[in-house]
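S.K.: I'd like to ask you about the structure that follows.
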Amino acid sequence: MTSNLNLKLQSIPNKPQEAVEYFENSFNGIKEEVSKAVIGQTDIVDQLLISLFSQGHCVLVGVPGLAKTLLIRTLARSLNLSFSRIQFTPDLMPGDITGTEIIEDSIDTGRKSFKFIKGPIFANIVLADEINRTPPKTQAALLEGMQEYNITAAGTTYQLDRPFFVLATQNPIEQEGTYPLPEAQLDRFMFNLWLDYPSFEEEKTIVSQTTSIRDEDIQPVLEKEQILELQQLVRQVPVPDNVLEAAVKLVNFTRPKTEMADELVDKYLSWGAGPRASQFLILGGKARALSRGRANVTLEDIRELAIPVLRHRIVTNYAAEAEGLTTADIIRKLLEKL
């Protein structure tokens, strides 16, 4: 099905099959560079790259010490992109993220004028560390950039440099003094990724490498222009009708009190996913297909991405909490219906 790709790109091969191979090789090359600094977490790296090439954003949930910051910084180095880290705290203000105006004296005229100093959001990859530790007003400072790729300050709109990728982290065990992200704001993130503890063997390797002299030589795999073109390539991947129908059907399954909802959903969910979930399932499926050397999306791609796409978009009720059911458990049961 590679002949369905209509390529008009400058930096990557023009022949469809070669373009697919180029994407796959680049994808694997980035993973290889990241693995020089980060031991394990291969599935997380895989999903981060799928999100990046789908022009999405991610929320990473994990306990402290799982190398979340190292992972994102290494990813930025392997892509030769600018990186900034914002530590979210209760006293952080929106201007601390977007930037602020200062009064500047002109040397030539001696007159005072306002000058806008860009904030840390003006980077290609932005790590919003512990985003749930700051009030909603400050959390919302990221929204315009994530959705519109620009920032408005004092009535002036500033364009963000593309590609633009936001990764927000949350600590799942400390909830005192936190401000949970509203559902509407969580919906802006393509994936919700949960980082697990490393295996015993992985932890031995981590401890061995991080307690000795270590110099990771991370080499850039792609440049900005190539990343932007690969993002366009993802959009050109065809989707069979049955796969498109399955993705939309799965999202519709999550909506209680609707025609396609069954007893499970009506019993355990108070709110389902919106159309953005269907869009991200298909976009993620396209990027995943290319990363596997395919130019068409399959049902396997949809199944593999269902949990990270839907986990933060459905809301369980008291019945689910009483029986210990998580959103991931319910998604797995819904996948059995496909």
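Ligands are numbered from 1 in the order shown, residues from 1 within each chain, and chains are lettered A, B, ... in the order they appear in the structure tokens.
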Write out as a ChimeraX atom specification the set of residues from segment 91-323 of chain A that DSSP, computed on the backbone, places in alpha helix (DSSP H).
M.R.: /A:94-98,136-139,143-148,183-186,200-210,224-236,241-253,263-268,275-291,299-310,318-322
S.K.: For those residues, write C-alpha atoms to a file as a tab-separated table (two decimals), in the first residue's frame.
M.R.:
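selection_23.tsv, freshly written:
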chain	number	residue	atom	x	y	z
A	94	PRO	CA	1.99	32.48	33.78
A	95	GLY	CA	4.60	35.08	32.84
A	96	ASP	CA	7.31	32.79	34.20
A	97	ILE	CA	6.38	30.39	31.40
A	98	THR	CA	5.42	32.59	28.47
A	136	PRO	CA	-4.81	26.07	37.04
A	137	LYS	CA	-4.16	29.66	35.91
A	138	THR	CA	-0.48	28.87	35.44
A	139	GLN	CA	-1.15	25.40	34.00
A	143	LEU	CA	-2.57	25.58	26.46
A	144	GLU	CA	-2.34	28.20	23.73
A	145	GLY	CA	1.14	27.07	22.77
A	146	MET	CA	0.16	23.39	22.74
A	147	GLN	CA	-2.89	23.97	20.54
A	148	GLU	CA	-2.08	27.02	18.41
A	183	GLU	CA	-10.23	16.89	32.20
A	184	ALA	CA	-10.46	19.51	29.46
A	185	GLN	CA	-6.78	20.30	29.90
A	186	LEU	CA	-5.73	16.64	30.06
A	200	PHE	CA	16.23	-6.14	38.51
A	201	GLU	CA	18.81	-6.56	35.74
A	202	GLU	CA	18.10	-3.07	34.36
A	203	GLU	CA	18.53	-1.53	37.80
A	204	LYS	CA	21.88	-3.30	38.24
A	205	THR	CA	23.04	-1.79	34.95
A	206	ILE	CA	21.73	1.67	35.92
A	207	VAL	CA	23.53	1.62	39.27
A	208	SER	CA	26.74	0.32	37.70
A	209	GLN	CA	26.81	2.97	34.97
A	210	THR	CA	25.73	5.97	37.06
A	224	LYS	CA	14.38	20.29	12.53
A	225	GLU	CA	13.48	20.29	8.84
A	226	GLN	CA	13.61	16.51	8.64
A	227	ILE	CA	11.39	16.15	11.72
A	228	LEU	CA	8.80	18.52	10.26
A	229	GLU	CA	8.77	16.61	6.99
A	230	LEU	CA	8.42	13.26	8.76
A	231	GLN	CA	5.45	14.75	10.64
A	232	GLN	CA	3.91	15.54	7.26
A	233	LEU	CA	4.71	12.04	6.02
A	234	VAL	CA	2.73	10.59	8.95
A	235	ARG	CA	-0.37	12.49	7.79
A	236	GLN	CA	-0.12	10.92	4.33
A	241	ASP	CA	-12.06	1.88	6.37
A	242	ASN	CA	-12.31	-1.00	8.83
A	243	VAL	CA	-9.47	0.41	10.96
A	244	LEU	CA	-11.00	3.90	10.94
A	245	GLU	CA	-14.34	2.44	11.94
A	246	ALA	CA	-12.76	0.38	14.74
A	247	ALA	CA	-10.99	3.43	16.21
A	248	VAL	CA	-14.14	5.54	16.22
A	249	LYS	CA	-16.19	2.63	17.55
A	250	LEU	CA	-13.78	2.07	20.44
A	251	VAL	CA	-14.04	5.72	21.48
A	252	ASN	CA	-17.84	5.57	21.21
A	253	PHE	CA	-17.83	2.50	23.46
A	263	GLU	CA	-23.60	-2.38	30.76
A	264	LEU	CA	-19.92	-2.27	31.71
A	265	VAL	CA	-19.56	1.36	30.63
A	266	ASP	CA	-22.88	2.46	32.08
A	267	LYS	CA	-21.97	0.84	35.38
A	268	TYR	CA	-18.37	2.01	35.83
A	275	PRO	CA	-13.57	13.04	19.21
A	276	ARG	CA	-9.96	14.12	19.88
A	277	ALA	CA	-9.33	10.58	21.14
A	278	SER	CA	-10.37	9.14	17.75
A	279	GLN	CA	-8.08	11.59	15.98
A	280	PHE	CA	-5.10	10.69	18.16
A	281	LEU	CA	-5.73	6.96	17.77
A	282	ILE	CA	-5.53	7.30	14.00
A	283	LEU	CA	-2.58	9.72	13.97
A	284	GLY	CA	-0.68	7.57	16.45
A	285	GLY	CA	-1.53	4.48	14.41
A	286	LYS	CA	-0.04	6.11	11.33
A	287	ALA	CA	3.21	6.98	13.09
A	288	ARG	CA	3.42	3.53	14.66
A	289	ALA	CA	2.86	1.85	11.29
A	290	LEU	CA	5.72	3.83	9.70
A	291	SER	CA	8.00	3.02	12.63
A	299	LEU	CA	-6.00	-2.91	13.98
A	300	GLU	CA	-2.90	-3.91	15.94
A	301	ASP	CA	-1.73	-0.28	15.90
A	302	ILE	CA	-5.05	0.90	17.33
A	303	ARG	CA	-5.02	-1.76	20.05
A	304	GLU	CA	-1.47	-0.95	21.11
A	305	LEU	CA	-2.21	2.76	21.51
A	306	ALA	CA	-5.67	2.48	23.05
A	307	ILE	CA	-4.58	2.65	26.70
A	308	PRO	CA	-2.19	5.65	26.49
A	309	VAL	CA	-4.71	7.56	24.33
A	310	LEU	CA	-7.84	6.80	26.37
A	318	TYR	CA	-17.54	5.26	42.67
A	319	ALA	CA	-18.60	1.76	41.57
A	320	ALA	CA	-15.32	1.28	39.69
A	321	GLU	CA	-13.28	2.61	42.60
A	322	ALA	CA	-15.09	0.33	45.01
S.K.: DSSP says strand (DSSP E) for which residues of segment 9-232 of chain A? Put them as an NGL selection string?
M.R.: :A and (58-61 or 83-87 or 99-105 or 112-118 or 125-129 or 150-153 or 156-159 or 165-170 or 191-194)
S.K.: As an exercise, work out the distance from atom CA of Ile44 of chain A to atom CA of Phe27 of chain A in Å and give it to one decimal place.
M.R.: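 Straight-line distance from atom CA of Ile44 of chain A to atom CA of Phe27 of chain A works out to 13.3 Å.
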S.K.: For segment 80-85 of chain A, please output as a PyMOL selection string all residues within 8 Å (counting only C-alpha atoms; exclusion window: fewer than 5 positions along the same chain).
M.R.: chain A and resi 73+120-121+123-129+220-224
S.K.: Store the residues picked out above, limited to N, CA and C atoms, as a PDB file, in the first residue's frame.
M.R.:
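Result file is selection-v5.pdb:
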ATOM      1  N   ARG A  73      15.676  15.120  28.119  1.00  0.00           N
ATOM      2  CA  ARG A  73      16.861  15.872  27.701  1.00  0.00           C
ATOM      3  C   ARG A  73      17.654  15.091  26.642  1.00  0.00           C
ATOM      4  N   PRO A 120      10.602  30.317  28.982  1.00  0.00           N
ATOM      5  CA  PRO A 120      11.131  28.984  28.634  1.00  0.00           C
ATOM      6  C   PRO A 120      10.241  28.173  27.694  1.00  0.00           C
ATOM      7  N   ILE A 121       8.998  28.635  27.468  1.00  0.00           N
ATOM      8  CA  ILE A 121       8.143  27.896  26.536  1.00  0.00           C
ATOM      9  C   ILE A 121       8.645  28.029  25.105  1.00  0.00           C
ATOM     10  N   ALA A 123      10.931  26.989  23.250  1.00  0.00           N
ATOM     11  CA  ALA A 123      11.920  25.944  22.949  1.00  0.00           C
ATOM     12  C   ALA A 123      11.197  24.871  22.149  1.00  0.00           C
ATOM     13  N   ASN A 124      11.957  24.001  21.511  1.00  0.00           N
ATOM     14  CA  ASN A 124      11.325  22.933  20.726  1.00  0.00           C
ATOM     15  C   ASN A 124      10.728  21.852  21.617  1.00  0.00           C
ATOM     16  N   ILE A 125      11.449  21.483  22.662  1.00  0.00           N
ATOM     17  CA  ILE A 125      10.956  20.476  23.611  1.00  0.00           C
ATOM     18  C   ILE A 125      10.905  21.121  24.990  1.00  0.00           C
ATOM     19  N   VAL A 126       9.717  21.127  25.584  1.00  0.00           N
ATOM     20  CA  VAL A 126       9.502  21.758  26.879  1.00  0.00           C
ATOM     21  C   VAL A 126       9.101  20.691  27.889  1.00  0.00           C
ATOM     22  N   LEU A 127       9.884  20.575  28.957  1.00  0.00           N
ATOM     23  CA  LEU A 127       9.556  19.659  30.049  1.00  0.00           C
ATOM     24  C   LEU A 127       8.851  20.446  31.147  1.00  0.00           C
ATOM     25  N   ALA A 128       7.569  20.174  31.336  1.00  0.00           N
ATOM     26  CA  ALA A 128       6.784  20.807  32.404  1.00  0.00           C
ATOM     27  C   ALA A 128       6.825  19.869  33.607  1.00  0.00           C
ATOM     28  N   ASP A 129       7.825  20.065  34.451  1.00  0.00           N
ATOM     29  CA  ASP A 129       8.086  19.122  35.542  1.00  0.00           C
ATOM     30  C   ASP A 129       7.093  19.329  36.687  1.00  0.00           C
ATOM     31  N   PRO A 220      23.158  13.597  17.146  1.00  0.00           N
ATOM     32  CA  PRO A 220      21.875  13.970  16.533  1.00  0.00           C
ATOM     33  C   PRO A 220      21.549  13.056  15.355  1.00  0.00           C
ATOM     34  N   VAL A 221      20.334  12.580  15.315  1.00  0.00           N
ATOM     35  CA  VAL A 221      19.890  11.692  14.241  1.00  0.00           C
ATOM     36  C   VAL A 221      19.151  12.480  13.165  1.00  0.00           C
ATOM     37  N   LEU A 222      18.367  13.481  13.580  1.00  0.00           N
ATOM     38  CA  LEU A 222      17.575  14.284  12.647  1.00  0.00           C
ATOM     39  C   LEU A 222      17.739  15.762  12.954  1.00  0.00           C
ATOM     40  N   GLU A 223      17.486  16.591  11.963  1.00  0.00           N
ATOM     41  CA  GLU A 223      17.439  18.040  12.127  1.00  0.00           C
ATOM     42  C   GLU A 223      15.976  18.491  12.113  1.00  0.00           C
ATOM     43  N   LYS A 224      15.742  19.759  12.449  1.00  0.00           N
ATOM     44  CA  LYS A 224      14.380  20.288  12.531  1.00  0.00           C
ATOM     45  C   LYS A 224      13.594  20.041  11.249  1.00  0.00           C
TER      46      LYS A 224
END
S.K.: Just checking: using only C-alpha atoms, which residue out of A:Asn171, A:Thr298, A:Ser78, A:Gln159 ends up closest to Lys118 of chain A?
M.R.: A:Gln159
S.K.: Given the choices A:Gln219, A:Thr134, A:Thr42, A:Asn192, which gets closest to Ile86 of chain A if the distance is worked out from only C-alpha atoms?
M.R.: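 Residue with the minimum atom-to-atom distance to Ile86 of chain A: A:Thr134.
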